[in-house]
Amino acid sequence: MSVLAAAGLVVVGLPSPDGGPAAAHAAVGDGTAVGVLSPGAAPSGDPSAPIRGFVDAHTHISAAAAFGGALRCGTAFAPGGIAEALGDCPPHSGLGHMALLEAILGGTDVPGGTQGYPTFADWPAHNTQLHEQAYYTGIERAWRSGMRVLQNYLVGNRTLCELVPGSPHSCDEMDQLRLQVDYLDRMEAHIDAEHGGPGQGWFRIARSPREVREIAAQGKLAVTLGVETSEPFGCRVIDGAPQCTTADIDRGLDEFASWGVSTVFPVHKFDNALAGTRFDRDLAGVAVNVGNKLGTQRFWETEPCTGEAADHPQPLASTPVADGLAAASSGTPAGHALPVYPEGPQCNIRGLSPLGEHTVRGLMARGMVINIEHMSVKAASRTLDMAEEAGYPALAADHTWADPVLNRRLHDLGGFVATYAFAADRTENGDETFADHWRENREGTTRPWHGYGFGSDVNGLAPLAEPRTSAATDPLVYPFTAPNGAVIDRWTLGERTYDLNRDGVAQYGLYADWVADVLHRAGPDRAELERQLMNGAEAWVRTWESAH
């Protein structure tokens with residue numbers, strides 16, 4: 001029985017592996033269709049051998065089935081092929097309501113563009129956060145360049161789902177997760193059908209560390225499941241009152257285990273019954289704080305931090321502008337005015353609740369990796385204390401959301417660290433680089449660094465790496481040789497030829513180029529960074545194994 005059948009859910013409008021012209025897509029046996037001119041090193045064939053290859057430790061390739069199904073335009077696969085998967089969606093183009101939202105999120109043009117397939121003149125692009133950015137042939141390109149593990153987080157948010165008009169699916173967050181488990185099964189079957197039948201495709205879902213090793217030994221891509229949602233097990237909090245019990249948590253954790261989940265975030269964007277969240281920063285912090293108010297009936301509450309680590313600062317700090325906003329909203333009902341926070345480092349007053357501690361113990365008992373990112377400093381610190389007391393090293397921080405102080409402690413306890421896939425060099429927005437964060441996380445640690453990962457957060461309402469400004473004088477030269485030895489050229493998809501120097505990471509296939517560019521710009525650290533990235537999949541699976 002499928003996950004959806006067991007939950008009594010009916011799928012409407014999601015891609016199916018059955019029917020359609022899937023068989024008409026030629027099997028890409030040699031990789032030339034995704035710009036791979038010659039293959040990389042042959043697989044070891046030995047599941048006991050260390051895995052050589054990189055890991056994308058944080059993706060959302062199943063996000064088309066999340067948030068009720070109406071938030072995003074496009075899907076990672078479709079039985080009708082790329083024209084069906086990446087065609088225009090009226091709400092997301094022109095002056096459609098989702099086009100306007102995307103302009104706010106990513107700075108895209110208004111009116112929103114209609115040109116996905118076949119020209120891809122408008123999307124996907126590095127900032128089109130509401131359009132599909134991980135079509136499966138792009139994932140294939142990254143796999144052929146040396147990626148051996150892709151961690152997909154099943155994601156959900158009830159409040160966001162309820163705000164989006166026209167959602168065809170349930171907004172219950174556990175239902176959202178179940179739909180995505182089914183979606184990934186369908187995606188695997190779709191790719192299998194193109195490569196000769198069940199089990200023949202390069203995209204393999206792995207539900208245990210042993211399966212990861214077996215898949216990687218065959219030279220295929222191990223796709224693992226994580227959970228990143230704001231109300232796991234229905235654990236919402238309303239005006240301070242938890243809406244779940246320990247029995248709900250245990251039942252939910254058992255369901256996660258039945259799916260083969262590797263990693264769980266106990267908290268995501270909003271405070272919940274398990275823990276406080278680490279706030280979003282800048283203007284996104286204002287919007288997400290409003291969402292926290294809608295979901296929990298309270299805005300975030302802060303206090304001065306007591307240690308080195310801090311939660312993200314808020315834009316509505318005590319400044320003349322913010323104080324003016326507060327005065328302007330002073331006539332609103334009590335508890336409804338936007339809060340203005342004190343200046344200086346602030347921490348969420350909410351830590352790990354008794355239900356949260358029960359969840360952490362339950363994750364340990366079931367051999368799952370505990371992800372501390374999105375936890376408040378208080379909650380993450382208590383989680384690390386519990387892990388240290390239990391001698392439990394299966395911990396992760398995988399997309400640059402936790403304070404670096406906590407990342408370093410997590411690493412020294414035996415956990416796995418990855419950095420968000422920032423550009424290889426400074427961009428027009430002045431963001432720090434991937435290598436900057438890699439160096440920062442290593443400072444002052446005592447345990448050796450065997451491997452390291454990146455977290456693309458693709459399809460996660462986050463921008464992908466934009467073009468670096470130095471590309472004009474020091475571009476990534478095509479064709480390039482990937483760390484696994486594959487020779488890779490620019491990729492033509494539909495009628496568009498992509499170039500990282502011009503486009504940044506416009507869609508997932510350009511992570512092959514991005515890895516090469518990060519190494520190209522790493523300077524004297526290149527050899528060590530390449531060693532750690534190519535040991536990333538091994539380090540990641542060792543972390544999961546340490547939970548068992």
# chains A, B, ... in the order shown; residues from 1 in each chain; ligands from 1
>>> residues_around(residues="region 473-485 of chain A", least_positions_apart="4", cutoff="9 Å", atoms="only C-alpha atoms", output="MDAnalysis selection string")
chainID A and resid 37:41 52:53 144:147 469 489:490 499:501 512:513 515:517 520:521 530 534
>>> select_by_dssp(residues="region 79-295 of chain A", states="strand (DSSP E or B)", output="PyMOL selection string")
chain A and resi 94+112+131+147-156+203-205+221-229+237-238+241-242+261-265+275+277
>>> select_by_dssp(residues="region 52-184 of chain A", states="helix (DSSP H, G or I)", output="ChimeraX atom specification")
/A:63-65,67-69,82-85,90-92,97-106,136-144,158-163,173-184
>>> residues_around(residues="region 176-185 of chain A", least_positions_apart="3", cutoff="7 Å", atoms="only C-alpha atoms", output="PyMOL selection string")
chain A and resi 3-4+62+65-68+154-156+170-173+188-189
>>> write_last_selection(atoms="N, CA, C and O atoms", output="mmCIF file, in the first residue's frame")
data_model
loop_
_atom_site.group_PDB
_atom_site.id
_atom_site.type_symbol
_atom_site.label_atom_id
_atom_site.label_comp_id
_atom_site.auth_asym_id
_atom_site.auth_seq_id
_atom_site.Cartn_x
_atom_site.Cartn_y
_atom_site.Cartn_z
ATOM 1 N N VAL A 3 2.032 5.292 0.531
ATOM 2 C CA VAL A 3 1.911 6.244 1.634
ATOM 3 C C VAL A 3 0.572 6.966 1.573
ATOM 4 O O VAL A 3 -0.113 7.144 2.578
ATOM 5 N N LEU A 4 0.147 7.378 0.372
ATOM 6 C CA LEU A 4 -1.101 8.132 0.242
ATOM 7 C C LEU A 4 -2.310 7.274 0.518
ATOM 8 O O LEU A 4 -3.259 7.704 1.175
ATOM 9 N N SER A 62 11.025 17.949 -4.308
ATOM 10 C CA SER A 62 9.613 17.537 -4.320
ATOM 11 C C SER A 62 8.670 18.686 -3.991
ATOM 12 O O SER A 62 7.481 18.470 -3.738
ATOM 13 N N ALA A 65 4.856 19.453 -4.953
ATOM 14 C CA ALA A 65 3.733 18.815 -4.267
ATOM 15 C C ALA A 65 3.501 19.376 -2.868
ATOM 16 O O ALA A 65 2.639 18.881 -2.144
ATOM 17 N N ALA A 66 4.256 20.410 -2.480
ATOM 18 C CA ALA A 66 4.144 20.989 -1.145
ATOM 19 C C ALA A 66 3.228 22.213 -1.149
ATOM 20 O O ALA A 66 2.799 22.689 -2.194
ATOM 21 N N PHE A 67 2.934 22.711 0.034
ATOM 22 C CA PHE A 67 2.201 23.967 0.230
ATOM 23 C C PHE A 67 0.828 23.954 -0.439
ATOM 24 O O PHE A 67 0.313 24.988 -0.856
ATOM 25 N N GLY A 68 0.229 22.787 -0.568
ATOM 26 C CA GLY A 68 -1.091 22.680 -1.168
ATOM 27 C C GLY A 68 -1.087 22.552 -2.675
ATOM 28 O O GLY A 68 -2.125 22.313 -3.287
ATOM 29 N N LEU A 154 11.408 16.931 2.632
ATOM 30 C CA LEU A 154 9.964 17.086 2.512
ATOM 31 C C LEU A 154 9.601 18.333 3.319
ATOM 32 O O LEU A 154 9.966 18.452 4.485
ATOM 33 N N VAL A 155 8.898 19.256 2.699
ATOM 34 C CA VAL A 155 8.695 20.558 3.313
ATOM 35 C C VAL A 155 7.211 20.888 3.359
ATOM 36 O O VAL A 155 6.439 20.456 2.500
ATOM 37 N N GLY A 156 6.815 21.649 4.352
ATOM 38 C CA GLY A 156 5.414 22.044 4.446
ATOM 39 C C GLY A 156 5.248 23.271 5.322
ATOM 40 O O GLY A 156 6.078 23.559 6.183
ATOM 41 N N SER A 170 -4.572 19.191 0.572
ATOM 42 C CA SER A 170 -4.702 19.501 1.989
ATOM 43 C C SER A 170 -3.565 20.406 2.454
ATOM 44 O O SER A 170 -2.410 20.260 2.033
ATOM 45 N N CYS A 171 -3.888 21.329 3.362
ATOM 46 C CA CYS A 171 -2.867 22.179 3.963
ATOM 47 C C CYS A 171 -2.297 21.589 5.247
ATOM 48 O O CYS A 171 -1.334 22.132 5.802
ATOM 49 N N ASP A 172 -2.862 20.505 5.739
ATOM 50 C CA ASP A 172 -2.280 19.817 6.892
ATOM 51 C C ASP A 172 -0.839 19.445 6.553
ATOM 52 O O ASP A 172 -0.569 18.854 5.500
ATOM 53 N N GLU A 173 0.089 19.792 7.432
ATOM 54 C CA GLU A 173 1.495 19.624 7.068
ATOM 55 C C GLU A 173 1.898 18.156 6.929
ATOM 56 O O GLU A 173 2.738 17.821 6.085
ATOM 57 N N GLU A 188 11.047 8.627 -9.321
ATOM 58 C CA GLU A 188 11.968 7.502 -9.517
ATOM 59 C C GLU A 188 11.441 6.551 -10.596
ATOM 60 O O GLU A 188 12.202 6.115 -11.481
ATOM 61 N N ALA A 189 10.153 6.251 -10.564
ATOM 62 C CA ALA A 189 9.569 5.363 -11.569
ATOM 63 C C ALA A 189 9.616 5.976 -12.961
ATOM 64 O O ALA A 189 9.829 5.269 -13.958
#
>>> closest_atom_pairs(of="region 264-374 of chain A", to="region 239-260 of chain A", cutoff="12 Å", atoms="only C-alpha atoms", output="tab-separated table")
residue	atom	partner	partner_atom	distance
A:Val264	CA	A:Phe256	CA	9.0
A:Phe265	CA	A:Leu253	CA	11.9
A:Pro266	CA	A:Ile249	CA	10.6
A:Asp271	CA	A:Gly240	CA	9.7
A:Asn272	CA	A:Pro242	CA	7.7
A:Ala273	CA	A:Pro242	CA	4.9
A:Leu274	CA	A:Pro242	CA	8.3
A:Ala275	CA	A:Pro242	CA	10.6
A:Gly276	CA	A:Gly240	CA	11.2
A:Asn292	CA	A:Asp239	CA	10.8
A:Lys293	CA	A:Asp239	CA	9.3
A:Leu294	CA	A:Asp239	CA	10.5
A:Gly295	CA	A:Asp239	CA	9.4
A:Thr296	CA	A:Asp239	CA	5.8
A:Gln297	CA	A:Asp239	CA	5.2
A:Arg298	CA	A:Asp239	CA	6.2
A:Phe299	CA	A:Asp239	CA	9.8
A:Trp300	CA	A:Asp239	CA	11.5
A:Glu301	CA	A:Gly240	CA	11.8
A:Gly335	CA	A:Asp239	CA	10.9
A:Arg350	CA	A:Gly240	CA	10.2
A:Ser353	CA	A:Pro242	CA	9.8
A:Pro354	CA	A:Thr246	CA	9.5
A:Leu355	CA	A:Thr246	CA	6.6
A:Gly356	CA	A:Ile249	CA	9.4
A:Glu357	CA	A:Thr246	CA	10.3
A:His358	CA	A:Thr246	CA	7.1
A:Thr359	CA	A:Ile249	CA	6.7
A:Val360	CA	A:Ile249	CA	10.4
A:Arg361	CA	A:Asp250	CA	10.4
A:Gly362	CA	A:Asp250	CA	7.1
A:Leu363	CA	A:Leu253	CA	7.3
A:Met364	CA	A:Leu253	CA	10.7
A:Ala365	CA	A:Leu253	CA	10.0
A:Arg366	CA	A:Ala257	CA	7.1
A:Gly367	CA	A:Ala257	CA	8.8
A:Met368	CA	A:Ala257	CA	8.3
A:Val369	CA	A:Ala257	CA	11.6
>>> residues_around(residues="region 30-35 of chain A", least_positions_apart="5", cutoff="9 Å", atoms="only C-alpha atoms", output="PDB file with N, CA, C and O atoms, in the first residue's frame")
ATOM      1  N   THR A 137      16.529  16.446 -15.489  1.00  0.00           N
ATOM      2  CA  THR A 137      17.720  16.325 -16.320  1.00  0.00           C
ATOM      3  C   THR A 137      18.854  17.217 -15.802  1.00  0.00           C
ATOM      4  O   THR A 137      20.036  16.912 -16.014  1.00  0.00           O
ATOM      5  N   GLY A 138      18.500  18.287 -15.102  1.00  0.00           N
ATOM      6  CA  GLY A 138      19.521  19.078 -14.432  1.00  0.00           C
ATOM      7  C   GLY A 138      20.153  18.310 -13.287  1.00  0.00           C
ATOM      8  O   GLY A 138      21.372  18.378 -13.063  1.00  0.00           O
ATOM      9  N   GLU A 140      20.422  15.158 -13.242  1.00  0.00           N
ATOM     10  CA  GLU A 140      21.293  14.186 -13.911  1.00  0.00           C
ATOM     11  C   GLU A 140      22.649  14.796 -14.233  1.00  0.00           C
ATOM     12  O   GLU A 140      23.704  14.154 -14.052  1.00  0.00           O
ATOM     13  N   ARG A 141      22.660  16.029 -14.718  1.00  0.00           N
ATOM     14  CA  ARG A 141      23.933  16.688 -15.046  1.00  0.00           C
ATOM     15  C   ARG A 141      24.820  16.798 -13.800  1.00  0.00           C
ATOM     16  O   ARG A 141      26.027  16.522 -13.857  1.00  0.00           O
ATOM     17  N   ARG A 144      26.224  13.397 -12.928  1.00  0.00           N
ATOM     18  CA  ARG A 144      27.310  12.989 -13.814  1.00  0.00           C
ATOM     19  C   ARG A 144      28.600  13.754 -13.532  1.00  0.00           C
ATOM     20  O   ARG A 144      29.679  13.322 -13.920  1.00  0.00           O
ATOM     21  N   VAL A 487      34.374  15.564 -18.298  1.00  0.00           N
ATOM     22  CA  VAL A 487      34.585  16.790 -19.064  1.00  0.00           C
ATOM     23  C   VAL A 487      33.214  17.327 -19.462  1.00  0.00           C
ATOM     24  O   VAL A 487      32.414  16.618 -20.097  1.00  0.00           O
ATOM     25  N   ILE A 488      32.944  18.586 -19.093  1.00  0.00           N
ATOM     26  CA  ILE A 488      31.592  19.131 -19.175  1.00  0.00           C
ATOM     27  C   ILE A 488      31.608  20.462 -19.913  1.00  0.00           C
ATOM     28  O   ILE A 488      32.440  21.330 -19.641  1.00  0.00           O
ATOM     29  N   ASP A 489      30.656  20.616 -20.839  1.00  0.00           N
ATOM     30  CA  ASP A 489      30.525  21.839 -21.616  1.00  0.00           C
ATOM     31  C   ASP A 489      29.260  22.579 -21.186  1.00  0.00           C
ATOM     32  O   ASP A 489      28.498  22.105 -20.337  1.00  0.00           O
ATOM     33  N   ARG A 490      29.032  23.729 -21.793  1.00  0.00           N
ATOM     34  CA  ARG A 490      27.768  24.430 -21.561  1.00  0.00           C
ATOM     35  C   ARG A 490      26.608  23.504 -21.915  1.00  0.00           C
ATOM     36  O   ARG A 490      26.733  22.622 -22.756  1.00  0.00           O
ATOM     37  N   TRP A 491      25.465  23.771 -21.292  1.00  0.00           N
ATOM     38  CA  TRP A 491      24.313  22.896 -21.468  1.00  0.00           C
ATOM     39  C   TRP A 491      23.213  23.643 -22.211  1.00  0.00           C
ATOM     40  O   TRP A 491      22.812  24.743 -21.802  1.00  0.00           O
ATOM     41  N   THR A 492      22.732  23.051 -23.272  1.00  0.00           N
ATOM     42  CA  THR A 492      21.581  23.593 -23.996  1.00  0.00           C
ATOM     43  C   THR A 492      20.331  22.827 -23.591  1.00  0.00           C
ATOM     44  O   THR A 492      20.257  21.611 -23.768  1.00  0.00           O
ATOM     45  N   LEU A 493      19.386  23.536 -23.030  1.00  0.00           N
ATOM     46  CA  LEU A 493      18.105  22.970 -22.626  1.00  0.00           C
ATOM     47  C   LEU A 493      17.031  23.718 -23.391  1.00  0.00           C
ATOM     48  O   LEU A 493      16.931  24.948 -23.311  1.00  0.00           O
ATOM     49  N   GLY A 509      21.015  22.004 -12.966  1.00  0.00           N
ATOM     50  CA  GLY A 509      22.130  21.446 -13.714  1.00  0.00           C
ATOM     51  C   GLY A 509      23.394  22.264 -13.609  1.00  0.00           C
ATOM     52  O   GLY A 509      24.507  21.734 -13.790  1.00  0.00           O
TER      53      GLY A 509
END
